Amino acid sequence: MITVIDRAVLPTVRNPGLRAGAARYLQIYENFMRQVRATGIGVAPSEAEVSDQLAALRAQGATFRNDGKSLVSNFLSPACAACRQGHDSFTFFVSLKCHRSCFYCFNPNQEGFDHYTEALRDLPAELDELKRSGRPVRYLALTGGEPLLHPAEALAFFSQASQLFPDAHLRLYTTGDHLTPALVAALRDAGLDEIRFSIRMHDLADGHRHTFDRLALAKGIISTVMVEMPILPGTLSTMQAVLLDLDRLGVDGINLLELCYPRQHAQAFNQRDFAVRSQPYRVLYDYWYAGGLPIAGSESDCLALVAFARRQGLRLGVHYCSLENKHTGQIYQQNVGQKLPPTYVWSERDFFWKTIKAYAPDVHRVRRALRGQPLELRRAGDEDGVLELHPSQVAVLRAAGVEVELGLSSNVWEARPDGQYLRELRLDLVRPASFTLTDL
Ligand code: SF4
């Protein structure tokens, strides 16, 4: 068992070193949340309880992936299956220009946003460079902005990608607003395997059905036709109707995204009574994915929609892709293949490197119980230092009846200009009597 150390648990931690270390990370998280509030957005008072929904989904036969960060009913795009580890997958954009102006759009968070709303990227050169790098390429995507504001460039991208990487799976993200019969046929001829449309909720509220017409246009021409959209809390019944419509149309699947606050347009979120989740990240970190911070209530509605699809027996694939699911690919990429001291283990669950820490005054007892085993004293020469041990060694402590509070440390490798650094991001509490390696 792993105990999350939050403000309620902290005073119950008796070991002073562990308590001080955990308090430091709580303080960092609280400072971060203060910065979030300063942008003008509300923060939910507590995390919504979704364990009953998850248990019901298990009973309904939904597929749990990535430690429950991704849930699937029926079809899952192969590109989504690969996304967990970010393996051999590359995404490009022509420009960040888009005609829709969704209030939740996170593109303004991207580096060079202003520049790339006008300028176009040199996609031919970028594809050539990827080819020259010799990296394995299995999935290539073109996104935006709206890529089909630049149809010639989009077609050229897929033609070139097909030639350079004939075995790669090619997909396009689009609003579909500019799709014509001729363009969809040209995209197919250029090698496009999958097209993903976004539906905007307030278009539905206004009775607009144009995206459904475009989906029907692509169906039967592009091999895989998908929808991908964030789920706004409180839109459950509207979305249930959308799922039924997509199923009738024979669409392959829909990715339900957790709605995120892109750290701007707070007013638009406040007007709708949307607030950021109280614990937006399981592990606080500077994630590449620019989506922002998850909105409370979106996850629960996504789970309810997967359950609805199961109950209705929809053929449509329904995939809930949480924000956490998008982050694991980054942590995997940073941590995979790194050589570490013998006291670390790789977690298949969240891809962080984990070690166990014993703190004074328990260091001596732990050291005695583990005599002859590999250990690392963090502050060399300091008998009262922090002792690192391999998580498997906790079993030795359990067998010896050593009752101590230990820190479970989660770490990520960072490449910095002056070298590689292993950075600790979080401390949780474990006890030898109740901790096993399968908890990681
Ligand atoms: S359609 Fe996509 S790219 Fe365009 S504004 Fe909306 S979220 Fe942004």
# chains A, B, ... in the order shown; residues from 1 in each chain; ligands from 1
>>> residues_around(residues="region 192-194 of chain A", least_positions_apart="6", cutoff="6 Å", atoms="only C-alpha atoms", output="list of chain:residue names")
A:Leu170, A:Arg171, A:Ser223, A:Thr224, A:Val225
>>> residues_near_ligand(ligand="ligand 1", cutoff="12 Å", atoms="only C-alpha atoms and all ligand atoms", output="MDAnalysis selection string")
chainID A and resid 93:110 113 117 142:149 173:177 196:203 211 228:230 257 259:262 290:291
>>> residues_around(residues="Phe269 (chain A)", least_positions_apart="2", cutoff="10 Å", atoms="only C-alpha atoms", output="JSON, numbers by chain")
{"A": [40, 41, 42, 103, 104, 260, 261, 264, 265, 266, 267, 271, 272, 273, 274, 275, 276, 295]}
>>> write_last_selection(atoms="N, CA and C atoms", output="PDB file, in the first residue's frame")
ATOM      1  N   GLY A  40      -7.248  33.925 -12.375  1.00  0.00           N
ATOM      2  CA  GLY A  40      -8.665  34.297 -12.345  1.00  0.00           C
ATOM      3  C   GLY A  40      -9.626  33.130 -12.384  1.00  0.00           C
ATOM      4  N   ILE A  41      -9.126  31.923 -12.461  1.00  0.00           N
ATOM      5  CA  ILE A  41      -9.988  30.742 -12.549  1.00  0.00           C
ATOM      6  C   ILE A  41     -10.329  30.233 -11.144  1.00  0.00           C
ATOM      7  N   GLY A  42     -11.495  29.613 -10.999  1.00  0.00           N
ATOM      8  CA  GLY A  42     -11.835  28.970  -9.740  1.00  0.00           C
ATOM      9  C   GLY A  42     -11.194  27.594  -9.654  1.00  0.00           C
ATOM     10  N   PHE A 103     -13.010  28.621 -26.869  1.00  0.00           N
ATOM     11  CA  PHE A 103     -12.522  29.272 -25.640  1.00  0.00           C
ATOM     12  C   PHE A 103     -11.501  28.398 -24.911  1.00  0.00           C
ATOM     13  N   TYR A 104     -11.500  27.097 -25.192  1.00  0.00           N
ATOM     14  CA  TYR A 104     -10.579  26.183 -24.496  1.00  0.00           C
ATOM     15  C   TYR A 104      -9.341  25.880 -25.327  1.00  0.00           C
ATOM     16  N   CYS A 260      -9.809  21.061 -20.535  1.00  0.00           N
ATOM     17  CA  CYS A 260      -8.722  21.695 -19.785  1.00  0.00           C
ATOM     18  C   CYS A 260      -8.802  23.211 -19.882  1.00  0.00           C
ATOM     19  N   TYR A 261      -8.298  23.842 -18.848  1.00  0.00           N
ATOM     20  CA  TYR A 261      -8.206  25.308 -18.786  1.00  0.00           C
ATOM     21  C   TYR A 261      -6.820  25.698 -19.282  1.00  0.00           C
ATOM     22  N   GLN A 264      -5.799  30.758 -19.655  1.00  0.00           N
ATOM     23  CA  GLN A 264      -6.276  32.054 -20.147  1.00  0.00           C
ATOM     24  C   GLN A 264      -7.771  31.923 -20.437  1.00  0.00           C
ATOM     25  N   HIS A 265      -8.418  33.035 -20.732  1.00  0.00           N
ATOM     26  CA  HIS A 265      -9.875  33.046 -20.919  1.00  0.00           C
ATOM     27  C   HIS A 265     -10.602  32.561 -19.666  1.00  0.00           C
ATOM     28  N   ALA A 266     -10.091  32.962 -18.501  1.00  0.00           N
ATOM     29  CA  ALA A 266     -10.714  32.516 -17.246  1.00  0.00           C
ATOM     30  C   ALA A 266     -12.191  32.893 -17.221  1.00  0.00           C
ATOM     31  N   GLN A 267     -12.497  34.055 -17.786  1.00  0.00           N
ATOM     32  CA  GLN A 267     -13.888  34.522 -17.733  1.00  0.00           C
ATOM     33  C   GLN A 267     -14.840  33.536 -18.425  1.00  0.00           C
ATOM     34  N   GLN A 271     -17.855  31.913 -16.417  1.00  0.00           N
ATOM     35  CA  GLN A 271     -19.252  32.101 -16.850  1.00  0.00           C
ATOM     36  C   GLN A 271     -20.016  30.780 -16.874  1.00  0.00           C
ATOM     37  N   ARG A 272     -19.297  29.727 -17.176  1.00  0.00           N
ATOM     38  CA  ARG A 272     -19.932  28.398 -17.269  1.00  0.00           C
ATOM     39  C   ARG A 272     -19.820  27.605 -15.966  1.00  0.00           C
ATOM     40  N   ASP A 273     -19.318  28.276 -14.914  1.00  0.00           N
ATOM     41  CA  ASP A 273     -19.112  27.603 -13.609  1.00  0.00           C
ATOM     42  C   ASP A 273     -18.144  26.436 -13.711  1.00  0.00           C
ATOM     43  N   PHE A 274     -17.159  26.557 -14.586  1.00  0.00           N
ATOM     44  CA  PHE A 274     -16.141  25.510 -14.690  1.00  0.00           C
ATOM     45  C   PHE A 274     -14.967  25.892 -13.784  1.00  0.00           C
ATOM     46  N   ALA A 275     -14.506  24.926 -13.006  1.00  0.00           N
ATOM     47  CA  ALA A 275     -13.364  25.168 -12.106  1.00  0.00           C
ATOM     48  C   ALA A 275     -12.315  24.083 -12.331  1.00  0.00           C
ATOM     49  N   VAL A 276     -11.069  24.460 -12.089  1.00  0.00           N
ATOM     50  CA  VAL A 276      -9.956  23.508 -12.237  1.00  0.00           C
ATOM     51  C   VAL A 276     -10.030  22.458 -11.121  1.00  0.00           C
ATOM     52  N   ILE A 295     -10.447  20.322 -15.932  1.00  0.00           N
ATOM     53  CA  ILE A 295     -11.625  20.952 -15.327  1.00  0.00           C
ATOM     54  C   ILE A 295     -12.429  19.894 -14.550  1.00  0.00           C
TER      55      ILE A 295
END
>>> select_by_dssp(residues="region 173-326 of chain A", states="strand (DSSP E or B)", output="ChimeraX atom specification")
/A:173-174,194-197,219,222,224-231,253-258,260-261,275-276,293-295,317-321
>>> closest_residue(among="A:Asn335, A:Gln330, A:Ser298, A:Thr436", to="Ile356 (chain A)", atoms="only C-alpha atoms")
A:Thr436
>>> closest_residue(among="A:Ser434, A:Tyr29, A:Leu18, A:Ile254", to="Gly385 (chain A)", atoms="only C-alpha atoms")
A:Leu18
>>> select_by_dssp(residues="region 142-266 of chain A", states="alpha helix (DSSP H)", output="ChimeraX atom specification")
/A:151-164,181-189,201-205,210-218,236-249,266
